[in-house]
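Enquirer: Below you will find the structure I want to go over with you.
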Amino acid sequence: MKLAKISLFVGAFALTAALISCGGSKPVAKDDSMGKDIVIPCSDEEFHSDQQFFRGTGAESSSSLDMAKSKALTSAKANLAGNITTTIKKVTDRYRNERQVGDNSELEAKYEDMTREVVNQELNNISQVCTKTRQMKDGKYTVYIALEIKKDELLNKVTEKISKDDKLKLDYDKMKFENVFNEEMNKLAGEQK
């Protein structure tokens, strides 16, 4: 009799536990009406330009691993160069307007040519700060790359180049140029957050 009561008690307990586990709280369904968040390697906030670095990212796919790497590197370099060129263009425009120097169109063209030359040279001195490779189900490879270059190194190269040009040197105020450059870098960092 005692054994029957214990068995009945254990059976009731097991049945209760089973009912609770099956009918317990269920996770709330997510509202996917806005789509799903996607995490892209080498592209999150730490790989965006900030006050210290210009950064560029690239992601490319190919059936050849070497081709995917090459295309991703080219894409990241183009992204990095675009960020630098856009920022330098803004700096040059602001600097020129604030300084009210001689022939604005000639000065602007010289700054842009000089900057393009410096950027092209400096793209050889970049750091690769992130690389991820994935092989997809279809056999293709996708490569993700993030590159960076120190803002100060680039600024030093630009100011060095300006200082060597006799015409630009006459109207050049290094401190003013650096202040405008730093302000634009702060804006760029704020836009990418």
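Residue numbers start at 1 in each chain; chains themselves are named A, B, ... in the order of the structure tokens; ligands are numbered from 1 in the order shown.
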Env of range 49-57 of chain A: 10 Å cut, atoms = only C-alpha atoms, seq-sep filter 4 positions within chain, self excluded. Answer as a PyMOL selection string.
Expert: chain A and resi 41-45+72-84+87+126-131+144-154+182-193
Enquirer: Identify, with DSSP run on backbone atoms, the residues in range 27-57 of chain A assigned to strand (DSSP E), and express the list as a list in words.
Expert: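 These are the residues in question: Phe53, Phe54, Arg55, Gly56 and Thr57 of chain A.
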Enquirer: Compile the contact shell of Asp66 in chain A as a list in words: residues with an atom at most 12 Å away, counting only C-alpha atoms, same-chain residues fewer than 3 positions apart removed.
Expert: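 Once the adjacent positions are removed, what remains is Glu60, Ser61, Ser62, Ser63, Lys69, Ser70, Lys71, Ala72, Leu73, Thr133, Lys140, Tyr141, Thr142 and Val143 of chain A.
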Enquirer: Residues as selected, N, CA and C atoms, written as a compact mmCIF listing (two decimals), in the first residue's frame, can you do that?
Expert:
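To be explicit, this is the file written out as out.txt:
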```
# COMPACT_ATOMS: atom_id res chain seq x y z
N GLU A 60 33.89 40.72 -51.41
CA GLU A 60 33.69 40.22 -52.78
C GLU A 60 33.66 38.71 -52.78
N SER A 61 32.97 38.16 -53.78
CA SER A 61 32.84 36.71 -53.93
C SER A 61 33.37 36.26 -55.27
N SER A 62 33.86 35.03 -55.29
CA SER A 62 34.32 34.42 -56.53
C SER A 62 34.46 32.92 -56.31
N SER A 63 34.47 32.17 -57.40
CA SER A 63 34.70 30.73 -57.29
C SER A 63 36.17 30.44 -57.02
N LYS A 69 39.90 37.32 -52.92
CA LYS A 69 40.80 38.15 -52.09
C LYS A 69 41.21 39.40 -52.84
N SER A 70 41.60 39.24 -54.09
CA SER A 70 42.05 40.37 -54.90
C SER A 70 40.93 41.39 -55.10
N LYS A 71 39.75 40.91 -55.41
CA LYS A 71 38.61 41.81 -55.62
C LYS A 71 38.22 42.52 -54.33
N ALA A 72 38.25 41.81 -53.20
CA ALA A 72 37.90 42.43 -51.91
C ALA A 72 38.92 43.50 -51.53
N LEU A 73 40.20 43.23 -51.78
CA LEU A 73 41.25 44.20 -51.48
C LEU A 73 41.08 45.46 -52.35
N THR A 133 37.27 35.00 -44.34
CA THR A 133 36.97 34.26 -45.57
C THR A 133 35.92 33.21 -45.26
N LYS A 140 31.51 28.87 -53.75
CA LYS A 140 32.19 30.15 -53.93
C LYS A 140 32.78 30.63 -52.61
N TYR A 141 33.77 31.50 -52.73
CA TYR A 141 34.42 32.09 -51.56
C TYR A 141 34.00 33.55 -51.46
N THR A 142 33.75 34.00 -50.25
CA THR A 142 33.50 35.41 -50.00
C THR A 142 34.56 35.88 -49.02
N VAL A 143 35.24 36.95 -49.41
CA VAL A 143 36.31 37.51 -48.59
C VAL A 143 35.90 38.91 -48.14
```
Enquirer: Report, in Å with one decimal, the straight-line distance from CA of Ser64 in chain A to CA of Lys132 in chain A.
Expert: 15.1 Å
Enquirer: Could you state the separation of CA of Thr159 in chain A and CA of Lys89 in chain A in Å, given to one decimal place?
Expert: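 Value for the CA of Thr159 in chain A-CA of Lys89 in chain A distance: 14.5 Å.
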Enquirer: Take CA of Asn97 in chain A and CA of Lys176 in chain A and report the distance between them in Å, one decimal.
Expert: 11.8 Å
Enquirer: Name the residues in contact with Asn179 in chain A at a cut-off of 12 Å, using only C-alpha atoms, excluding same-chain residues fewer than 5 positions from it; report them as a PDB file with N, CA, C and O atoms, in the first residue's frame.
Expert:
```
ATOM      1  N   VAL A  91      37.847  69.606 -46.778  1.00  0.00           N
ATOM      2  CA  VAL A  91      38.861  70.402 -46.074  1.00  0.00           C
ATOM      3  C   VAL A  91      39.358  71.517 -46.990  1.00  0.00           C
ATOM      4  O   VAL A  91      39.445  72.675 -46.586  1.00  0.00           O
ATOM      5  N   THR A  92      39.672  71.162 -48.223  1.00  0.00           N
ATOM      6  CA  THR A  92      40.191  72.142 -49.178  1.00  0.00           C
ATOM      7  C   THR A  92      39.174  73.252 -49.430  1.00  0.00           C
ATOM      8  O   THR A  92      39.527  74.434 -49.435  1.00  0.00           O
ATOM      9  N   ARG A  94      36.654  74.258 -47.483  1.00  0.00           N
ATOM     10  CA  ARG A  94      36.511  75.094 -46.278  1.00  0.00           C
ATOM     11  C   ARG A  94      37.739  75.962 -46.064  1.00  0.00           C
ATOM     12  O   ARG A  94      37.634  77.156 -45.764  1.00  0.00           O
ATOM     13  N   TYR A  95      38.909  75.365 -46.194  1.00  0.00           N
ATOM     14  CA  TYR A  95      40.168  76.094 -45.982  1.00  0.00           C
ATOM     15  C   TYR A  95      40.266  77.257 -46.968  1.00  0.00           C
ATOM     16  O   TYR A  95      40.565  78.392 -46.586  1.00  0.00           O
ATOM     17  N   GLU A  98      37.782  80.017 -46.043  1.00  0.00           N
ATOM     18  CA  GLU A  98      38.136  80.723 -44.811  1.00  0.00           C
ATOM     19  C   GLU A  98      39.387  81.587 -44.984  1.00  0.00           C
ATOM     20  O   GLU A  98      39.532  82.594 -44.316  1.00  0.00           O
ATOM     21  N   LEU A 155      47.968  63.299 -43.069  1.00  0.00           N
ATOM     22  CA  LEU A 155      48.018  64.754 -42.931  1.00  0.00           C
ATOM     23  C   LEU A 155      49.454  65.259 -43.062  1.00  0.00           C
ATOM     24  O   LEU A 155      49.714  66.254 -43.740  1.00  0.00           O
ATOM     25  N   ASP A 173      48.550  78.090 -44.484  1.00  0.00           N
ATOM     26  CA  ASP A 173      48.616  78.234 -43.033  1.00  0.00           C
ATOM     27  C   ASP A 173      48.424  76.829 -42.468  1.00  0.00           C
ATOM     28  O   ASP A 173      47.294  76.323 -42.380  1.00  0.00           O
ATOM     29  N   LYS A 174      49.541  76.204 -42.124  1.00  0.00           N
ATOM     30  CA  LYS A 174      49.507  74.796 -41.701  1.00  0.00           C
ATOM     31  C   LYS A 174      48.543  74.567 -40.534  1.00  0.00           C
ATOM     32  O   LYS A 174      47.768  73.618 -40.539  1.00  0.00           O
ATOM     33  N   GLU A 184      36.820  68.076 -39.911  1.00  0.00           N
ATOM     34  CA  GLU A 184      36.174  67.213 -40.905  1.00  0.00           C
ATOM     35  C   GLU A 184      36.294  65.732 -40.506  1.00  0.00           C
ATOM     36  O   GLU A 184      35.375  64.952 -40.734  1.00  0.00           O
ATOM     37  N   MET A 185      37.400  65.350 -39.902  1.00  0.00           N
ATOM     38  CA  MET A 185      37.563  63.963 -39.428  1.00  0.00           C
ATOM     39  C   MET A 185      36.557  63.672 -38.321  1.00  0.00           C
ATOM     40  O   MET A 185      35.976  62.584 -38.279  1.00  0.00           O
ATOM     41  N   ASN A 186      36.334  64.631 -37.444  1.00  0.00           N
ATOM     42  CA  ASN A 186      35.345  64.442 -36.367  1.00  0.00           C
ATOM     43  C   ASN A 186      33.942  64.296 -36.949  1.00  0.00           C
ATOM     44  O   ASN A 186      33.160  63.470 -36.483  1.00  0.00           O
TER      45      ASN A 186
END
```
Enquirer: Determine, counting only C-alpha atoms, which protein, DNA and RNA residues have an atom within 12 Å of an atom of Asp113 in chain A; residues of the same chain fewer than 6 positions away are not included. Present the result as an mmCIF file with C-alpha atoms, in the first residue's frame.
Expert:
```cif
data_model
loop_
_atom_site.group_PDB
_atom_site.id
_atom_site.type_symbol
_atom_site.label_atom_id
_atom_site.label_comp_id
_atom_site.auth_asym_id
_atom_site.auth_seq_id
_atom_site.Cartn_x
_atom_site.Cartn_y
_atom_site.Cartn_z
ATOM 1 C CA THR A 85 39.311 62.097 -51.137
ATOM 2 C CA ILE A 88 40.218 66.255 -48.280
ATOM 3 C CA LYS A 89 37.855 67.904 -50.783
ATOM 4 C CA THR A 92 40.191 72.142 -49.178
ATOM 5 C CA GLU A 106 43.795 77.179 -59.473
ATOM 6 C CA LEU A 107 44.415 76.597 -55.769
ATOM 7 C CA VAL A 119 46.554 59.205 -51.512
ATOM 8 C CA ASN A 120 47.811 56.996 -54.347
ATOM 9 C CA VAL A 158 49.789 66.288 -47.448
ATOM 10 C CA LYS A 161 53.714 68.105 -50.219
ATOM 11 C CA ILE A 162 52.101 71.559 -49.872
#
```
